[in-house]
Structure formats: structure tokens, C-alpha cells
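Okay, structure first, notes after.
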Amino acid sequence: MKKETILVLDFGGQYNQLIARRVRECNVYAEVHPYTLSLDKIKEMAPKGIIFTGGPNSVYDPASPHYDKAILELGIPVLGICYGSQLMAYMLGGEVKTAPVSEYGHTDVTVSTSSKLFHGIEENTSVWMSHTDYIAKAPAGFEVTAHSAVCPVAAMENAAKRLYATQFHPEVLHTRDGKKIISNFVYTVCGCIGDWTMDSFVESKIREIKEQVGNGKTLCALSGGVDSSVAAVLMSKAIGKNLTCVFVDHGLLRKDEGDQVEGVFGPNGSYDLNFIRVNAQERFYKKLAGVEDPEQKRKIIGEEFIRVFEEEAKKIGAVDYLVQGTIYPDVIESGLGKSAVIKSHHNVGGLPDCVDFKEIIEPLRMLFKDEVRKAGSELGIPSFLTMRQPFPGPGLGVRIVGEVTAEKVRIVQEADAIFREELDKAELKQRPGQYFAALSNMRSVGVMGDFRTYDYAIVLRAVNTTDFMTADCTEIPFDVQQRCMTRIINEVKGVNRVLFDLTSKPPGTIEFE
Ligand code: XMP
């Protein structure tokens, strides 16, 4: 069954992924493609609608991205956003001008509620603007359907031809009725029925994998992270024992994590797959002994990971397929249109090179992270795995300053478990994007009972972030901080001080290495 698709044609906008996500939140499948996608390909795709994204350019600049005007004559509804709206106006003979000052941020607009696009929203609403160029005159046949104090054409449409445009960004949450506008476009204008749901995805993906793989032997590097766990379960539902999952416990996992992953995927777990746990803790500690430089530690962990995986793969012998947990943002970020760079598991780089296989399977290639989580719960994976916060491939290796030792790993594991437990119990208004304990390499004098101590300082870190490129320190209520401090010092041998890291990113990084 071919599912209905909205094509997001990317003109270089920073919100291209967001547009696709918003459409999918309406249960309609959306794909992002570069503006270089040919008209023939678009005809072949037969999308139910097309969205032109924003972009940093000016339509009059010959070097800026344009598209064949014929795209507006296919009879497929089009919504142009920001640059996309100016492009539509320009292509159809409207007038685009450069304003002396940019319009940026929250903006009040008045919309025509008789427009299908604005049906069901307030006449006066607040939207997110970010532009310098603007449509000064809509093309012939177009009606202006929204304006702001300084923007004469904040939205326009030719309803008969099903061409719509907004100067503002309905895809960002700052646009109060953005979700409704996107939903109006996909349902009312494009006539979608909303067939993109995770249960239908899971069902059809399992069918597809069965057809593709047949009886082929398949290998999966399972880290216990969200993506590789969901990929493994999807594969196991499709091909059962023809799948072998290799889980390398490098001794740098969080407290009890290795056993939890084994509990779910191992012989006593819920899935019919071959599960190999490699307990390589000592091997990693030995390699890391005496090494203090963070980059060198990362390299050692990465290389050792490959060696271990390679040895296991050799024991299994030649495999037909290798499973990768690549997800849609990886595909988009690694360059649309080009063949996607294969995500290196655990950031080790080059994993596929060391395994003799014929083909790579990426069952989650078209899913956003939240969709992967939904697919995971659809597949019955426990929520402690599907809702996990990101955890770096090199594990606690990047949360221990200085030399990594088994003793330091124990300290950070225990402190981290307490911090996470207390934060989860605290029911904060918003869960931080990432929160963990790290071990500073600092030891200092303290007093416990009647004894002098000379122990480590644990650092607690909690950050709010959506993109993990920038982050701010999360405000944790003081009583929660105090509880964490007391418990960590009482319960974790070797710690006599607890510090809280206030640093944002930049100038810091999220991890503490
Ligand atoms: P930093 O510390 O660079 O981290 O601010 C940004 C995000 O990336 C995660 N991270 C990693 N993830 N392998 C991974 O898979 C790594 O080597 C790695 N290093 C950092 C980090 O947890 C945060 O979410």
C-alpha cells in the first residue's frame, strides 16, 4: 500500500526537519528532499501536497535556489513558507521587496478565517516571523489572507489552484496556531486521511524486512540505546533466530545497565533472537590504565570496541546483512540527496569495514527520534529503554576526568544512579534533556564522623536542551540538590563532596571529560 506523502522541498531553511515533524504529528507521512529533486521524480512520488521551506536567500539573487514554475501547475497543493512564500510570489509574477528592517520574533497578525488554511483559529493571532524580504504585491489571482502591522502579505492564497503561502513559520511552536494551520493544510487542503501511525509502520516494516532478508543471516551491534534496541526488536520480529545481536559491555555503562539489557534481549528476555553479551570490562580498563587525555581515551574505547566486535563477528562467520540504527535526522544531516553516511555505532567509526557482510539494513531510516520511541513501545520494549536519555557511546569514559579505573567507574555509577533516581522522583515541571553524575579528578579533605577523609568530588550535571548542540543548566530545586548531596556522600564510598555544574554549552560541553 502506498501511503500518502507530503513532500517538504528544502530551500535551505533551518526548520526543514521541523516542518516534516509537524506534518507527521498530524499522522501524515512527510519526506524532506532538496530543491534539486527533479520534477519527474516529484510526479513519480505523487505527493498529496508540497511544502516549500524557508531559506536564507533572496529570490532576486540568481544564485539562490529556484524551481521550475511547472511545479505549481501539477494540480498538487503547495504551501510556501517564508522564503518559500516569496518564491511562490516571484514565480507567479508577484512582487518581492527588501524591507529596511527585518521583522523577527513574535508578531501579531490578522488572518482571514474564511481561508481553509486558517479555519478554526482566532482572527487575531500571534506568529513567528523571521525575514527581511517580503511580498509587496501578491500575484494575480491571489487573495491576501493575513497581514501584520508591517507585513502587507503575511499570507496569501489562490484557493482554486490550491496554492497557499505564509510569510511566517507555522512549524515553530511560537506560532500559536501553527499546528492547526499545518493540520488544515494537510487535511482540508490536501485531503489526506492520516494513515501514518506507528502501528502501521511497524506492521509494514516487519513485512518489508521479511521480504528483503528472507533467510539471510543478520548481525546487529546492540548498545541498549533507543535506536539499536528498536532496530533489533523490529528485526527479530521479522526474522527471529536469523538475527544475532552482539552487545559489548565495555564496563563503562551506567549502574546495572548491562544486566538490564541482557534481561530484555538475553535468553530469559522477551525476544526470539541470538544474543551475545561480551563482558569486556577488564579489557577496556587495561587499555585505559594510565591514560588521562580525553581524546585519547575516546580513541582507545572506540578502537577496542571495534576489536571486540570484530572478534565476535568472526566467530559468527559471514553474514548477509548488518543492521544499523540510523534515524531520519542522521539522514537529513548527512546530506540530503547524497547517499547517507553510515552512522558509526558508538561513534567508533568504520564498524562495517570490519565485518564481512553484503548489505546494510537501516529499518529506522525514515523515523524521527520520538517516532522511534513510539515504535519501540508499539513493539513492547520496556519504557526504561525507549525513553532513555541519550548516553554517549564511550559511556562513563567521558564522565570521568583523568584516568579511568574500575573504582572510579563504581563511584560514578552509584552517584549517577542516586541522582537520576532523586530527579525522577522530584517530578520536575520539565524533565531535563540530560542529567547525570560525573567524577571530577579532584580529591579534597573532609570530615566524616571523627575521621578525616581525602576523597573525590562528584559533579552533578543537568541541562535543558532540544538539539544537544546548545544547552543551559537546569534549575534543580534546592531541597532536591540537598537530598542528592546527602545520599551520595552517605551511600557512595570514596566521595566526600558534591558539586553542581552550572555551565551552559557553549562554553562548556554537555559531557564532562
Ligand atoms: P557534548 O558533550 O559534545 O555532547 O556537548 C552533545 C551530545 O552528544 C552526546 N555525545 C555522544 N554521543 N557518542 C555518542 O553517541 C559520543 O562519543 C558522544 N559524545 C557526546 C552527549 O551525550 C550529548 O547528548
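Ordering of the C-alpha cells sets the chain letters (A, B, ...), residue numbers begin anew at 1 in every chain, and ligands are numbered from 1 in the order given.
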
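For ligand 1, the neighbouring protein, DNA and RNA residues, which are those within 7 Å when only C-alpha atoms and all ligand atoms are counted, are His346, Asn347, Pro390, Phe391, Pro392, Gly393, Pro394, Gln434, Phe468, Met469, Lys505, Thr509, Ile510, Glu511 and Phe512 of chain A.
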
Could you take the residues named above and write them with all heavy atoms, as a short mmCIF file (atom, residue, chain, number, x, y, z; two decimals), in the first residue's frame?
data_model
loop_
_atom_site.label_atom_id
_atom_site.label_comp_id
_atom_site.auth_asym_id
_atom_site.auth_seq_id
_atom_site.Cartn_x
_atom_site.Cartn_y
_atom_site.Cartn_z
N HIS A 346 28.32 3.89 18.27
CA HIS A 346 29.16 4.33 19.38
C HIS A 346 30.19 5.34 18.93
O HIS A 346 31.23 5.48 19.59
CB HIS A 346 29.90 3.15 20.02
CG HIS A 346 29.02 2.28 20.83
ND1 HIS A 346 29.10 2.21 22.18
CD2 HIS A 346 28.02 1.46 20.47
CE1 HIS A 346 28.20 1.35 22.62
NE2 HIS A 346 27.53 0.89 21.60
N ASN A 347 29.95 5.98 17.82
CA ASN A 347 30.94 6.90 17.29
C ASN A 347 32.29 6.24 17.10
O ASN A 347 33.32 6.87 17.23
CB ASN A 347 31.13 8.10 18.23
CG ASN A 347 30.09 9.16 17.96
OD1 ASN A 347 29.07 8.88 17.36
ND2 ASN A 347 30.37 10.37 18.39
N PRO A 390 19.81 10.38 26.12
CA PRO A 390 20.98 9.99 25.32
C PRO A 390 22.14 9.58 26.23
O PRO A 390 22.33 10.17 27.29
CB PRO A 390 21.34 11.26 24.56
CG PRO A 390 20.24 12.21 24.76
CD PRO A 390 19.42 11.77 25.90
N PHE A 391 22.85 8.58 25.80
CA PHE A 391 24.03 8.14 26.55
C PHE A 391 25.15 7.95 25.54
O PHE A 391 24.98 7.24 24.55
CB PHE A 391 23.71 6.83 27.28
CG PHE A 391 24.81 6.37 28.19
CD1 PHE A 391 25.19 7.13 29.29
CD2 PHE A 391 25.49 5.18 27.94
CE1 PHE A 391 26.21 6.71 30.13
CE2 PHE A 391 26.52 4.76 28.78
CZ PHE A 391 26.88 5.53 29.88
N PRO A 392 26.28 8.58 25.76
CA PRO A 392 27.33 8.54 24.73
C PRO A 392 27.94 7.16 24.56
O PRO A 392 28.02 6.40 25.54
CB PRO A 392 28.38 9.52 25.27
CG PRO A 392 28.14 9.58 26.74
CD PRO A 392 26.67 9.36 26.94
N GLY A 393 28.35 6.86 23.35
CA GLY A 393 28.99 5.58 23.07
C GLY A 393 30.16 5.28 24.02
O GLY A 393 30.24 4.17 24.56
N PRO A 394 31.07 6.23 24.23
CA PRO A 394 32.20 5.93 25.13
C PRO A 394 31.79 5.89 26.60
O PRO A 394 32.63 5.74 27.48
CB PRO A 394 33.17 7.10 24.89
CG PRO A 394 32.69 7.80 23.68
CD PRO A 394 31.23 7.53 23.56
N GLN A 434 19.17 16.12 29.60
CA GLN A 434 20.17 15.13 30.01
C GLN A 434 20.58 15.42 31.44
O GLN A 434 20.75 16.59 31.80
CB GLN A 434 21.38 15.22 29.07
CG GLN A 434 21.86 13.86 28.65
CD GLN A 434 22.87 13.91 27.52
OE1 GLN A 434 22.84 14.82 26.69
NE2 GLN A 434 23.75 12.95 27.45
N PHE A 468 20.89 19.44 21.55
CA PHE A 468 22.14 18.91 22.11
C PHE A 468 23.38 19.64 21.55
O PHE A 468 24.50 19.26 21.81
CB PHE A 468 22.25 17.39 21.92
CG PHE A 468 21.15 16.68 22.68
CD1 PHE A 468 19.91 16.43 22.09
CD2 PHE A 468 21.32 16.32 24.00
CE1 PHE A 468 18.89 15.83 22.79
CE2 PHE A 468 20.30 15.72 24.72
CZ PHE A 468 19.08 15.47 24.12
N MET A 469 23.14 20.70 20.74
CA MET A 469 24.25 21.50 20.24
C MET A 469 24.49 22.64 21.20
O MET A 469 25.60 23.15 21.34
CB MET A 469 23.94 22.10 18.86
CG MET A 469 23.27 21.15 17.91
SD MET A 469 24.48 20.17 17.09
CE MET A 469 24.71 21.18 15.67
N LYS A 505 26.25 25.31 27.51
CA LYS A 505 27.04 24.92 26.33
C LYS A 505 26.65 25.85 25.19
O LYS A 505 25.47 25.85 24.85
CB LYS A 505 26.74 23.48 25.95
CG LYS A 505 27.36 23.07 24.59
CD LYS A 505 26.99 21.69 24.18
CE LYS A 505 27.64 21.38 22.84
NZ LYS A 505 27.35 20.03 22.36
N THR A 509 30.72 21.77 27.41
CA THR A 509 30.05 20.75 26.60
C THR A 509 29.07 20.08 27.55
O THR A 509 29.09 20.35 28.75
CB THR A 509 31.03 19.70 26.05
OG1 THR A 509 31.68 19.08 27.17
CG2 THR A 509 32.04 20.30 25.12
N ILE A 510 28.21 19.25 27.01
CA ILE A 510 27.25 18.57 27.89
C ILE A 510 27.98 17.52 28.72
O ILE A 510 27.85 17.47 29.94
CB ILE A 510 26.10 17.94 27.07
CG1 ILE A 510 25.27 19.07 26.45
CG2 ILE A 510 25.24 17.05 27.98
CD1 ILE A 510 24.14 18.61 25.56
N GLU A 511 28.76 16.71 28.07
CA GLU A 511 29.52 15.71 28.81
C GLU A 511 30.62 16.41 29.62
O GLU A 511 30.92 17.58 29.41
CB GLU A 511 30.12 14.67 27.85
CG GLU A 511 29.08 13.86 27.10
CD GLU A 511 28.17 13.04 28.02
OE1 GLU A 511 28.54 12.82 29.19
OE2 GLU A 511 27.10 12.63 27.57
N PHE A 512 31.23 15.66 30.52
CA PHE A 512 32.19 16.24 31.45
C PHE A 512 33.45 15.38 31.37
O PHE A 512 33.54 14.34 32.00
CB PHE A 512 31.57 16.18 32.86
CG PHE A 512 32.25 17.03 33.88
CD1 PHE A 512 31.77 18.29 34.21
CD2 PHE A 512 33.38 16.58 34.53
CE1 PHE A 512 32.40 19.07 35.17
CE2 PHE A 512 34.02 17.35 35.49
CZ PHE A 512 33.53 18.60 35.81
#

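Excluding Ser126 (chain A) itself and same-chain residues fewer than 4 positions from it, the residues having an atom within 12 Å of it are Gly105, His106, Thr107, Asp108, Val109, Thr110, Val111, Ile121, Glu122, Ala146, His147, Ser148, Ala154, Phe168, His169, Pro170, Val172, Leu173, His174, Thr175, Arg176, Asp177 and Gly178 of chain A, counting only C-alpha atoms.
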
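Coordinates place CA of Ile71 (chain A) at a distance of 13.4 Å from CA of Tyr164 (chain A).
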
In Å, with one decimal, what is the gap from CA of Asn242 (chain A) to CA of Cys220 (chain A)?
10.8 Å

Can you tell me, as an MDAnalysis selection string, what residues are no more than 7 Å from Val226 (chain A) when counting only C-alpha atoms, ignoring any on the same chain fewer than 3 positions away?
chainID A and resid 229:230 385:386 388

Near Tyr104 (chain A), within 9 Å and counting only C-alpha atoms, which residues show up once chain neighbours fewer than 2 positions away are dropped, as a ChimeraX atom specification?
/A:102,106-107,128-132

Could the residues in this selection be written to a file with all heavy atoms, as a short mmCIF file (atom, residue, chain, number, x, y, z; two decimals), in the first residue's frame?
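The result, stored in selection31.cif:
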data_model
loop_
_atom_site.label_atom_id
_atom_site.label_comp_id
_atom_site.auth_asym_id
_atom_site.auth_seq_id
_atom_site.Cartn_x
_atom_site.Cartn_y
_atom_site.Cartn_z
N SER A 102 14.39 44.11 9.40
CA SER A 102 13.83 42.76 9.42
C SER A 102 12.68 42.68 10.40
O SER A 102 12.63 43.42 11.37
CB SER A 102 14.89 41.76 9.86
OG SER A 102 16.01 41.87 9.05
N HIS A 106 8.05 37.18 17.76
CA HIS A 106 6.58 37.10 17.90
C HIS A 106 5.93 38.29 17.21
O HIS A 106 6.34 39.43 17.43
CB HIS A 106 6.21 37.16 19.39
CG HIS A 106 6.59 35.92 20.12
ND1 HIS A 106 5.87 34.76 20.05
CD2 HIS A 106 7.65 35.65 20.92
CE1 HIS A 106 6.45 33.83 20.79
NE2 HIS A 106 7.54 34.35 21.33
N THR A 107 4.94 38.03 16.40
CA THR A 107 4.29 39.11 15.66
C THR A 107 2.79 38.87 15.66
O THR A 107 2.33 37.74 15.46
CB THR A 107 4.78 39.12 14.18
OG1 THR A 107 6.21 39.14 14.18
CG2 THR A 107 4.26 40.30 13.40
N TRP A 128 5.32 33.49 14.38
CA TRP A 128 6.77 33.68 14.44
C TRP A 128 7.27 34.12 13.07
O TRP A 128 7.11 33.42 12.08
CB TRP A 128 7.46 32.38 14.85
CG TRP A 128 8.92 32.53 15.09
CD1 TRP A 128 9.94 32.13 14.28
CD2 TRP A 128 9.54 33.10 16.24
NE1 TRP A 128 11.15 32.43 14.84
CE2 TRP A 128 10.93 33.04 16.05
CE3 TRP A 128 9.05 33.70 17.42
CZ2 TRP A 128 11.85 33.52 16.99
CZ3 TRP A 128 9.97 34.18 18.35
CH2 TRP A 128 11.34 34.09 18.13
N MET A 129 7.85 35.33 13.05
CA MET A 129 8.38 35.87 11.79
C MET A 129 9.91 35.87 11.84
O MET A 129 10.49 36.04 12.92
CB MET A 129 7.94 37.33 11.61
CG MET A 129 6.48 37.51 11.32
SD MET A 129 6.13 37.17 9.58
CE MET A 129 4.51 37.93 9.44
N SER A 130 10.52 35.72 10.71
CA SER A 130 11.98 35.80 10.64
C SER A 130 12.36 36.10 9.20
O SER A 130 12.68 35.21 8.43
CB SER A 130 12.56 34.47 11.10
OG SER A 130 13.94 34.45 10.88
N HIS A 131 12.22 37.38 8.82
CA HIS A 131 12.50 37.69 7.41
C HIS A 131 12.88 39.15 7.21
O HIS A 131 12.57 40.01 8.05
CB HIS A 131 11.26 37.39 6.55
CG HIS A 131 10.09 38.28 6.84
ND1 HIS A 131 9.58 39.17 5.92
CD2 HIS A 131 9.33 38.43 7.95
CE1 HIS A 131 8.54 39.82 6.46
NE2 HIS A 131 8.38 39.38 7.69
N THR A 132 13.55 39.41 6.08
CA THR A 132 13.87 40.78 5.69
C THR A 132 13.11 41.07 4.40
O THR A 132 12.43 42.09 4.28
CB THR A 132 15.39 40.94 5.46
OG1 THR A 132 16.04 40.45 6.63
CG2 THR A 132 15.77 42.39 5.25
#

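Atom pair CA of Val308 (chain A) / CA of Gly263 (chain A): separated by 21.4 Å.
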
Per residue of region 94-176 of chain A within 10 Å of region 189-200 of chain A, what are the shortest atom pair and its distance in Å to one decimal, counting only C-alpha atoms, with rows by chain and residue number, as CSV?
residue,atom,partner,partner_atom,distance
A:Lys116,CA,A:Val189,CA,6.8
A:Leu117,CA,A:Val189,CA,7.4
A:Ala159,CA,A:Val189,CA,8.8
A:Arg162,CA,A:Val189,CA,7.0
A:Leu163,CA,A:Val189,CA,9.3
A:Tyr164,CA,A:Val189,CA,9.3

Can you pull out every residue from region 117-264 of chain A that DSSP, working from the backbone, puts in alpha helix (DSSP H), and format the result as an MDAnalysis selection string?
chainID A and resid 178:183 198:213 226:239 257:264

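Nearest residue to Leu379 (chain A) among A:Lys210, A:Pro477, A:Lys237, A:Glu333 is A:Lys237, counting only C-alpha atoms.
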
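For the choices A:Val412, A:Val278, A:Val233, A:Leu74, the atom-to-atom distance to Pro382 (chain A) is smallest for A:Val233 when using only C-alpha atoms.
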
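Using only C-alpha atoms, the shortest contact distance between Gln430 (chain A) and any of A:Ser270, A:Val463, A:Ile239, A:Gln413 is found at A:Val463.
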
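Within 9 Å of Gly240 (chain A), once only C-alpha atoms are used and residues closer than 6 positions along the same chain are dropped, the contacting residues are Tyr271, Asp272, Leu273 and Asn274 of chain A.
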
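Counting only C-alpha atoms, the residue from A:Glu157, A:Glu427, A:Glu312, A:Glu371 that sits nearest to Tyr29 (chain A) is A:Glu371.
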
Skipping near chain neighbours, those fewer than 2 positions away, what residues fall within 6 Å of Leu9 (chain A) using only C-alpha atoms, listed as a list of chain:residue names?
A:His33, A:Pro34, A:Tyr35, A:Ile51, A:Phe52

Suppose we keep N, CA, C and O atoms; can you now write the selection as a PDB file, in the first residue's frame?
ATOM      1  N   HIS A  33      13.167  16.605   0.942  1.00  0.00           N
ATOM      2  CA  HIS A  33      14.086  16.431  -0.193  1.00  0.00           C
ATOM      3  C   HIS A  33      14.658  17.786  -0.573  1.00  0.00           C
ATOM      4  O   HIS A  33      14.019  18.812  -0.365  1.00  0.00           O
ATOM      5  N   PRO A  34      15.862  17.793  -1.163  1.00  0.00           N
ATOM      6  CA  PRO A  34      16.442  19.078  -1.552  1.00  0.00           C
ATOM      7  C   PRO A  34      15.698  19.661  -2.751  1.00  0.00           C
ATOM      8  O   PRO A  34      15.045  18.917  -3.492  1.00  0.00           O
ATOM      9  N   TYR A  35      15.827  20.965  -2.924  1.00  0.00           N
ATOM     10  CA  TYR A  35      15.097  21.622  -4.021  1.00  0.00           C
ATOM     11  C   TYR A  35      15.593  21.159  -5.386  1.00  0.00           C
ATOM     12  O   TYR A  35      14.997  21.478  -6.414  1.00  0.00           O
ATOM     13  N   ILE A  51       5.393  21.236   0.405  1.00  0.00           N
ATOM     14  CA  ILE A  51       5.675  22.427   1.212  1.00  0.00           C
ATOM     15  C   ILE A  51       7.051  22.949   0.819  1.00  0.00           C
ATOM     16  O   ILE A  51       8.037  22.190   0.836  1.00  0.00           O
ATOM     17  N   PHE A  52       7.115  24.227   0.437  1.00  0.00           N
ATOM     18  CA  PHE A  52       8.415  24.860   0.179  1.00  0.00           C
ATOM     19  C   PHE A  52       8.903  25.400   1.517  1.00  0.00           C
ATOM     20  O   PHE A  52       8.185  26.166   2.168  1.00  0.00           O
TER      21      PHE A  52
END
